[in-house]
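Enquirer: Provided herewith: data.txt, compact mmCIF, C-alpha atoms and all ligand atoms.
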# COMPACT_ATOMS: atom_id res chain seq x y z
CA MET B 290 51.78 26.08 -26.29
CA THR B 291 52.33 25.91 -30.04
CA GLU B 292 50.53 28.63 -31.90
CA GLY B 293 47.46 27.34 -33.71
CA VAL B 294 47.43 24.03 -31.82
CA ASN B 295 45.03 23.39 -28.96
CA PRO B 296 44.29 27.06 -28.44
CA ALA B 297 43.48 27.87 -24.82
CA PRO B 298 40.16 29.48 -23.98
CA LEU B 299 40.76 33.10 -23.17
CA PRO B 300 38.75 34.90 -20.50
CA ARG B 301 36.32 37.44 -21.92
CA HIS B 302 37.02 39.78 -19.05
CA VAL B 303 39.94 39.84 -16.63
CA GLY B 304 39.81 41.89 -13.43
CA ILE B 305 42.94 42.68 -11.43
CA ILE B 306 43.27 43.74 -7.79
CA MET B 307 46.66 45.42 -8.02
CA ASP B 308 47.88 44.98 -4.46
CA GLY B 309 51.25 45.25 -2.75
CA ASN B 310 52.68 48.57 -3.94
CA GLY B 311 53.33 49.72 -0.37
CA ARG B 312 54.86 46.44 0.81
CA TRP B 313 57.07 46.28 -2.27
CA ALA B 314 58.34 49.78 -1.51
CA ARG B 315 58.96 49.00 2.16
CA ALA B 316 60.85 45.81 1.26
CA HIS B 317 63.12 47.91 -0.96
CA GLY B 318 63.61 50.68 1.62
CA LEU B 319 61.61 53.12 -0.52
CA PRO B 320 58.70 55.47 0.25
CA ARG B 321 55.18 54.18 -0.51
CA GLU B 322 54.79 56.58 -3.42
CA GLU B 323 57.67 54.86 -5.17
CA GLY B 324 55.68 51.62 -4.94
CA HIS B 325 52.72 53.28 -6.62
CA GLU B 326 55.06 54.72 -9.25
CA ARG B 327 56.40 51.25 -10.04
CA GLY B 328 52.84 49.91 -9.89
CA SER B 329 51.96 52.38 -12.60
CA ASP B 330 54.73 50.86 -14.78
CA SER B 331 53.14 47.43 -14.24
CA VAL B 332 49.81 48.88 -15.40
CA ARG B 333 51.42 49.92 -18.70
CA THR B 334 53.04 46.49 -19.14
CA VAL B 335 49.87 44.55 -18.41
CA VAL B 336 47.58 46.70 -20.57
CA ARG B 337 49.99 46.29 -23.47
CA ALA B 338 50.26 42.52 -22.93
CA ALA B 339 46.51 42.02 -22.58
CA ARG B 340 45.94 43.91 -25.83
CA ARG B 341 48.61 41.91 -27.64
CA ILE B 342 47.25 38.57 -26.39
CA GLY B 343 43.69 39.49 -27.34
CA VAL B 344 41.94 39.72 -23.96
CA PRO B 345 38.63 41.43 -24.87
CA ALA B 346 38.22 43.37 -21.60
CA LEU B 347 40.48 44.24 -18.67
CA THR B 348 39.37 45.98 -15.47
CA LEU B 349 41.98 47.38 -13.10
CA PHE B 350 40.99 48.14 -9.51
CA ALA B 351 42.94 51.39 -9.35
CA PHE B 352 41.26 53.23 -6.46
CA SER B 353 38.57 51.96 -4.11
CA SER B 354 35.80 53.88 -2.36
CA GLN B 355 37.72 53.16 0.85
CA ASN B 356 41.06 54.45 -0.51
CA TRP B 357 39.77 58.03 0.04
CA ASP B 358 40.49 57.36 3.73
CA ARG B 359 44.24 56.99 3.13
CA PRO B 360 46.51 59.86 4.22
CA PRO B 361 45.75 62.93 2.03
CA GLU B 362 49.33 63.00 0.73
CA GLU B 363 49.01 59.42 -0.58
CA VAL B 364 45.60 60.14 -2.15
CA PHE B 365 47.15 63.20 -3.81
CA ARG B 366 50.04 61.13 -5.19
CA LEU B 367 47.70 58.46 -6.55
CA MET B 368 45.60 61.11 -8.29
CA GLU B 369 48.76 62.61 -9.80
CA LEU B 370 49.79 59.17 -11.09
CA LEU B 371 46.37 58.62 -12.62
CA ARG B 372 46.49 61.98 -14.35
CA ARG B 373 49.98 61.29 -15.66
CA PHE B 374 48.91 57.84 -16.90
CA LEU B 375 45.96 59.32 -18.80
CA ILE B 376 48.11 61.95 -20.46
CA GLN B 377 51.16 59.79 -21.22
CA GLU B 378 49.24 56.74 -22.43
CA ARG B 379 46.69 58.68 -24.49
CA SER B 380 48.30 58.05 -27.88
CA GLU B 381 49.12 54.40 -27.14
CA ILE B 382 45.54 53.77 -26.05
CA LEU B 383 44.14 55.41 -29.18
CA ASP B 384 46.70 53.90 -31.57
CA ASN B 385 45.97 50.41 -30.26
CA GLY B 386 42.22 50.56 -30.60
CA ILE B 387 41.63 50.49 -26.83
CA ARG B 388 38.37 51.84 -25.49
CA LEU B 389 38.71 53.41 -22.05
CA ILE B 390 35.77 53.23 -19.67
CA THR B 391 35.32 53.50 -15.91
CA VAL B 392 33.21 52.05 -13.14
CA GLY B 393 32.81 53.83 -9.82
CA ASP B 394 31.91 57.20 -8.43
CA THR B 395 34.14 59.23 -10.75
CA GLU B 396 32.32 62.45 -9.80
CA ARG B 397 34.49 62.36 -6.66
CA LEU B 398 37.71 62.58 -8.65
CA PRO B 399 39.41 65.98 -8.71
CA PRO B 400 38.88 68.00 -11.92
CA HIS B 401 42.53 67.64 -12.99
CA VAL B 402 41.97 63.86 -13.20
CA ARG B 403 38.36 63.88 -14.37
CA GLU B 404 39.06 66.16 -17.32
CA PRO B 405 41.70 64.02 -19.12
CA LEU B 406 39.69 60.94 -18.14
CA VAL B 407 36.45 62.18 -19.70
CA GLU B 408 38.33 63.42 -22.76
CA LEU B 409 40.09 60.07 -23.35
CA MET B 410 36.88 58.11 -22.78
CA ALA B 411 35.18 60.20 -25.46
CA ALA B 412 38.14 60.02 -27.86
CA SER B 413 38.37 56.22 -27.53
CA ALA B 414 34.62 55.52 -27.47
CA HIS B 415 34.55 53.92 -30.92
CA ASN B 416 37.61 51.71 -30.47
CA GLU B 417 36.95 48.01 -30.64
CA GLY B 418 40.32 46.35 -29.97
CA MET B 419 39.99 45.96 -26.19
CA VAL B 420 38.01 47.55 -23.37
CA LEU B 421 40.20 48.95 -20.60
CA CYS B 422 38.07 49.68 -17.56
CA LEU B 423 39.50 51.63 -14.63
CA ALA B 424 37.64 51.00 -11.38
CA LEU B 425 37.97 54.41 -9.72
CA SER B 426 36.40 55.41 -6.44
CA TYR B 427 34.80 51.99 -6.82
CA GLY B 428 33.20 49.76 -4.22
CA GLY B 429 31.25 46.60 -4.98
CA ARG B 430 28.90 47.10 -2.01
CA GLU B 431 28.40 50.76 -2.95
CA MET B 432 27.46 49.69 -6.50
CA ILE B 433 24.93 47.12 -5.23
CA ALA B 434 23.46 49.66 -2.77
CA LYS B 435 23.11 52.19 -5.61
CA ALA B 436 21.37 49.58 -7.77
CA CYS B 437 18.97 48.83 -4.88
CA ARG B 438 18.22 52.53 -4.45
CA GLU B 439 17.46 52.89 -8.13
CA MET B 440 15.23 49.79 -8.14
CA CYS B 441 13.30 51.13 -5.15
CA GLN B 442 12.85 54.45 -6.92
CA ALA B 443 11.60 52.65 -10.04
CA ALA B 444 9.18 50.61 -7.91
CA GLN B 445 7.90 53.81 -6.26
CA ALA B 446 7.44 55.38 -9.68
CA GLY B 447 5.49 52.32 -10.77
CA THR B 448 7.94 51.32 -13.53
CA LEU B 449 9.28 48.21 -11.74
CA ASP B 450 7.17 45.46 -10.20
CA PRO B 451 9.01 44.26 -7.04
CA SER B 452 7.62 40.74 -7.47
CA GLU B 453 9.29 40.56 -10.88
CA VAL B 454 12.81 41.46 -9.68
CA SER B 455 15.19 38.74 -10.89
CA VAL B 456 18.93 38.23 -11.19
CA GLU B 457 18.70 39.79 -14.64
CA THR B 458 16.85 42.83 -13.22
CA VAL B 459 19.54 43.46 -10.61
CA GLU B 460 22.21 43.01 -13.26
CA SER B 461 20.55 45.57 -15.49
CA TYR B 462 21.05 48.15 -12.72
CA LEU B 463 24.78 47.41 -12.43
CA PRO B 464 26.98 49.46 -14.80
CA SER B 465 29.41 46.56 -15.26
CA SER B 466 26.77 44.43 -16.99
CA LYS B 467 26.05 47.17 -19.52
CA LEU B 468 29.67 48.05 -20.18
CA LEU B 469 31.61 44.81 -19.87
CA PRO B 470 31.48 41.10 -20.72
CA GLN B 471 31.05 38.61 -17.88
CA LEU B 472 34.01 38.56 -15.50
CA ASP B 473 35.79 35.26 -16.16
CA LEU B 474 39.06 35.70 -14.27
CA LEU B 475 39.98 37.72 -11.21
CA ILE B 476 43.68 38.11 -10.40
CA ARG B 477 44.97 39.42 -7.09
CA THR B 478 48.60 40.10 -6.39
CA SER B 479 50.53 40.30 -3.09
CA GLY B 480 49.48 36.99 -1.52
CA GLU B 481 46.26 38.35 0.01
CA HIS B 482 43.21 36.13 -0.51
CA ARG B 483 40.40 38.65 -0.41
CA ILE B 484 38.00 40.37 -2.80
CA SER B 485 38.26 43.67 -0.84
CA ASN B 486 34.97 45.12 -2.09
CA PHE B 487 35.91 44.78 -5.77
CA PHE B 488 33.40 43.17 -8.20
CA LEU B 489 31.19 41.44 -5.57
CA TRP B 490 28.26 40.56 -7.80
CA GLU B 491 30.44 39.97 -10.84
CA THR B 492 32.75 37.41 -9.15
CA ALA B 493 29.87 34.93 -8.71
CA TYR B 494 31.39 32.56 -11.27
CA ALA B 495 34.76 34.17 -11.90
CA GLU B 496 37.84 32.01 -11.55
CA LEU B 497 40.09 33.39 -8.83
CA TYR B 498 43.85 33.52 -9.25
CA PHE B 499 46.16 34.60 -6.45
CA THR B 500 49.86 35.24 -6.76
CA GLU B 501 52.48 36.07 -4.13
CA LYS B 502 54.04 38.63 -6.47
CA MET B 503 53.64 42.25 -5.42
CA TRP B 504 51.97 44.40 -8.09
CA PRO B 505 55.18 46.31 -9.03
CA GLU B 506 56.80 42.91 -9.75
CA PHE B 507 53.94 41.61 -11.90
CA THR B 508 55.10 41.03 -15.47
CA GLU B 509 53.70 39.98 -18.82
CA GLU B 510 54.85 36.42 -18.01
CA ASP B 511 52.78 36.50 -14.82
CA LEU B 512 49.71 37.52 -16.82
CA VAL B 513 50.35 34.67 -19.26
CA SER B 514 50.71 32.22 -16.33
CA ALA B 515 47.35 33.37 -14.97
CA LEU B 516 45.75 32.92 -18.40
CA HIS B 517 47.23 29.44 -18.74
CA ASP B 518 45.95 28.56 -15.27
CA PHE B 519 42.49 29.82 -16.25
CA ALA B 520 42.56 27.66 -19.38
CA GLN B 521 42.99 24.54 -17.20
CA ARG B 522 39.99 25.23 -14.99
CA GLU B 523 36.82 23.22 -15.36
CA ARG B 524 33.97 25.69 -15.13
CA ARG B 525 30.80 23.87 -14.15
CA PHE B 526 28.46 26.74 -13.27
CA GLY B 527 26.69 24.46 -10.77
CA ARG B 528 26.48 21.49 -13.12
CA THR B 529 28.41 18.21 -13.16
CA SER B 530 31.49 17.26 -15.18
CA ASP B 531 29.43 14.68 -17.10
CA GLN B 532 26.93 17.32 -18.13
CA LEU B 533 29.72 19.51 -19.42
CA GLU B 534 30.80 16.83 -21.87
CA ASP B 535 27.34 16.95 -23.47
CA GLU B 536 26.99 20.67 -23.89
CA VAL B 537 28.95 23.72 -24.79
CA LEU B 538 29.11 26.16 -21.90
CA PRO B 539 29.57 29.87 -22.50
CA ALA B 540 33.27 30.28 -23.01
CA GLY B 541 35.58 33.01 -24.11
CA ARG B 542 37.28 33.24 -27.45
CA SER B 543 40.03 30.72 -28.09
CA VAL B 544 43.34 32.32 -28.73
CA ALA B 545 46.71 30.80 -29.32
CA GLY B 546 49.80 32.91 -28.99
CA MET B 547 49.87 33.54 -25.26
CA ASP B 548 53.45 32.26 -25.13
C1 LIG B 601 47.26 48.71 -3.59
O1 LIG B 601 48.55 48.65 -3.05
C2 LIG B 601 47.24 49.62 -4.71
C3 LIG B 601 46.49 50.76 -4.75
C4 LIG B 601 45.60 51.19 -3.67
C5 LIG B 601 46.58 51.69 -5.88
C6 LIG B 601 46.80 51.08 -7.22
C7 LIG B 601 47.43 52.09 -8.08
C8 LIG B 601 48.36 51.86 -9.02
C9 LIG B 601 48.79 50.52 -9.38
C10 LIG B 601 49.05 52.97 -9.75
C11 LIG B 601 48.20 53.93 -10.47
C12 LIG B 601 47.15 53.34 -11.32
C13 LIG B 601 46.97 53.58 -12.63
C14 LIG B 601 45.81 53.00 -13.34
C15 LIG B 601 47.90 54.39 -13.41
P1 LIG B 601 48.76 49.10 -1.54
O2 LIG B 601 49.19 50.51 -1.53
O3 LIG B 601 47.51 48.84 -0.76
O4 LIG B 601 49.92 48.15 -1.10
P2 LIG B 601 50.13 47.56 0.39
O5 LIG B 601 48.94 46.72 0.71
O6 LIG B 601 51.38 46.74 0.22
O7 LIG B 601 50.31 48.73 1.30
So that I can check it, write out the structure of this file as structure tokens.

Expert:
Amino acid sequence: MTEGVNPAPLPRHVGIIMDGNGRWARAHGLPREEGHERGSDSVRTVVRAARRIGVPALTLFAFSSQNWDRPPEEVFRLMELLRRFLIQERSEILDNGIRLITVGDTERLPPHVREPLVELMAASAHNEGMVLCLALSYGGREMIAKACREMCQAAQAGTLDPSEVSVETVESYLPSSKLLPQLDLLIRTSGEHRISNFFLWETAYAELYFTEKMWPEFTEEDLVSALHDFAQRERRFGRTSDQLEDEVLPAGRSVAGMD
């Protein structure tokens, strides 16, 4: 695409299920931890690219609620990688106006991860260039169950009328709706076609993009391909193509310069 001509609509919020670290390692005769190590390099590349392109918000599914059940040694290695990422990328995140946030049960993270995480979130809180959200100890079903619990508590306390509960009410109990724009594009690597308990509520109208590439192989060019693919999609939100011609649907910013 030529810069400035026919700019493609850019998703307001991209989520990525970074899958295939283990299979990539096995295919290269390496231990699983080496796959996660290389996956961490892809994280750096993709965050940098998303910032450069102008994606307003990026969520990376870095550790699921279910990942705690992996062998303790692998959990330990993933926590070490997270800690290292937070320390090594601190200045790049701050220098590039990136605001770091999280979704998930971060209270479960060990203190040596939580401390640099909380510190960097506070230090970057006023940045406006891009939101980088790490989904950590995150489960979509767990988030919805928590929202239900809180709504029930509010109903018991008399501050929420159950007959008034709407889509907007549920949304207001989900942290993602307070912290992030609407999820427009969900990317999953490694050829698996599943949501795997990621953003269950939030994917309602997200465009899904699957690639055979394993996460350690995912490059800036792959991100650009996904964004170009997104730009071609007709998003009808339950309406017809004819209706779309007559109205402007909510769309992301238009940005040229993805090439
Ligand atoms: C899935 O691959 C990946 C994970 C469970 C962890 C993702 C972590 C990283 C990319 C590195 C650290 C993250 C940050 C933010 C620095 P898998 O292990 O399930 O792969 P497999 O399905 O091939 O076994």

Enquirer: If you count all atoms listed in the file, which residues end up within 8 Å of ligand LIG 601 (chain B), as a PDB file with C-alpha atoms, in the coordinates of the input?

Expert:
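Okay, this is what ended up in pocket.pdb:
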ATOM      1  CA  ILE B 306      43.270  43.740  -7.790  1.00  0.00           C
ATOM      2  CA  MET B 307      46.660  45.420  -8.020  1.00  0.00           C
ATOM      3  CA  ASP B 308      47.880  44.980  -4.460  1.00  0.00           C
ATOM      4  CA  GLY B 309      51.250  45.250  -2.750  1.00  0.00           C
ATOM      5  CA  ASN B 310      52.680  48.570  -3.940  1.00  0.00           C
ATOM      6  CA  GLY B 311      53.330  49.720  -0.370  1.00  0.00           C
ATOM      7  CA  ARG B 312      54.860  46.440   0.810  1.00  0.00           C
ATOM      8  CA  TRP B 313      57.070  46.280  -2.270  1.00  0.00           C
ATOM      9  CA  ALA B 314      58.340  49.780  -1.510  1.00  0.00           C
ATOM     10  CA  ARG B 321      55.180  54.180  -0.510  1.00  0.00           C
ATOM     11  CA  GLY B 324      55.680  51.620  -4.940  1.00  0.00           C
ATOM     12  CA  HIS B 325      52.720  53.280  -6.620  1.00  0.00           C
ATOM     13  CA  GLU B 326      55.060  54.720  -9.250  1.00  0.00           C
ATOM     14  CA  ARG B 327      56.400  51.250 -10.040  1.00  0.00           C
ATOM     15  CA  GLY B 328      52.840  49.910  -9.890  1.00  0.00           C
ATOM     16  CA  SER B 329      51.960  52.380 -12.600  1.00  0.00           C
ATOM     17  CA  ASP B 330      54.730  50.860 -14.780  1.00  0.00           C
ATOM     18  CA  SER B 331      53.140  47.430 -14.240  1.00  0.00           C
ATOM     19  CA  VAL B 332      49.810  48.880 -15.400  1.00  0.00           C
ATOM     20  CA  ARG B 333      51.420  49.920 -18.700  1.00  0.00           C
ATOM     21  CA  LEU B 349      41.980  47.380 -13.100  1.00  0.00           C
ATOM     22  CA  PHE B 350      40.990  48.140  -9.510  1.00  0.00           C
ATOM     23  CA  ALA B 351      42.940  51.390  -9.350  1.00  0.00           C
ATOM     24  CA  PHE B 352      41.260  53.230  -6.460  1.00  0.00           C
ATOM     25  CA  SER B 353      38.570  51.960  -4.110  1.00  0.00           C
ATOM     26  CA  ASN B 356      41.060  54.450  -0.510  1.00  0.00           C
ATOM     27  CA  LEU B 367      47.700  58.460  -6.550  1.00  0.00           C
ATOM     28  CA  MET B 368      45.600  61.110  -8.290  1.00  0.00           C
ATOM     29  CA  LEU B 370      49.790  59.170 -11.090  1.00  0.00           C
ATOM     30  CA  LEU B 371      46.370  58.620 -12.620  1.00  0.00           C
ATOM     31  CA  ARG B 372      46.490  61.980 -14.350  1.00  0.00           C
ATOM     32  CA  ARG B 373      49.980  61.290 -15.660  1.00  0.00           C
ATOM     33  CA  PHE B 374      48.910  57.840 -16.900  1.00  0.00           C
ATOM     34  CA  LEU B 375      45.960  59.320 -18.800  1.00  0.00           C
ATOM     35  CA  LEU B 423      39.500  51.630 -14.630  1.00  0.00           C
ATOM     36  CA  SER B 479      50.530  40.300  -3.090  1.00  0.00           C
ATOM     37  CA  MET B 503      53.640  42.250  -5.420  1.00  0.00           C
ATOM     38  CA  TRP B 504      51.970  44.400  -8.090  1.00  0.00           C
ATOM     39  CA  PRO B 505      55.180  46.310  -9.030  1.00  0.00           C
TER      40      PRO B 505
END

Enquirer: To one decimal in Å, tell me the separation between CA of Ala444 (chain B) and CA of Thr492 (chain B).

Expert: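 Between these atoms lies a distance of 27.0 Å.
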
Enquirer: With a distance cut-off of 8 Å and only C-alpha atoms, select the neighbouring residues of Val303 (chain B), excluding the residue or stretch itself and same-chain residues fewer than 5 positions from it, and output the selection as a list in words.

Expert: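 Result of the neighbour search: Val344, Ala346, Leu347, Thr348, Leu472, Asp473, Leu474, Leu475 and Ile476 of chain B.
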
Enquirer: Rank B:Ile342, B:Ala443, B:Leu421, B:Val407 by their smallest atom-to-atom distance to Leu299 (chain B), using only C-alpha atoms, and report the top residue only.

Expert: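 So, comparing all the options, the nearest one is B:Ile342.
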
Enquirer: Quick one: pull the distance between CA of Met410 (chain B) and CA of Arg388 (chain B), Å, one decimal.

Expert: 7.0 Å

Enquirer: Which residues are near region 519-532 of chain B? Cut-off 9 Å, only C-alpha atoms, ignore same chain within fewer than 6 positions. Put them as a compact mmCIF listing (two decimals) with C-alpha atoms, in the coordinates of the input.

Expert:
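Below is the file that was written, around-v4.txt:
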# COMPACT_ATOMS: atom_id res chain seq x y z
CA ALA B 297 43.48 27.87 -24.82
CA PRO B 298 40.16 29.48 -23.98
CA LEU B 299 40.76 33.10 -23.17
CA PRO B 300 38.75 34.90 -20.50
CA ASP B 473 35.79 35.26 -16.16
CA LEU B 474 39.06 35.70 -14.27
CA TYR B 494 31.39 32.56 -11.27
CA GLU B 496 37.84 32.01 -11.55
CA LEU B 497 40.09 33.39 -8.83
CA TYR B 498 43.85 33.52 -9.25
CA LEU B 538 29.11 26.16 -21.90

Enquirer: Calculate how many Å separate CA of His415 (chain B) from CA of Phe488 (chain B), rounding to one decimal.

Expert: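 It comes out at 25.2 Å.
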
Enquirer: Within 10 Å of (36.3, 55.2, -10.2), only C-alpha atoms: residues as a ChimeraX atom specification?

Expert: /B:350-354,390-398,403,422-428

Enquirer: Find the spatial neighbours of Asp384 (chain B), counting all atoms listed in the file, within a cut-off of 12 Å - ignore same-chain residues fewer than 3 positions away - and output them as a list in words.

Expert: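 Neighbouring residues, sequence-local ones excluded: Arg337, Arg340, Glu378, Arg379, Ser380, Glu381, Ile387, Arg388, Ala412, Ser413, Asn416, Glu417, Gly418 and Met419 of chain B.
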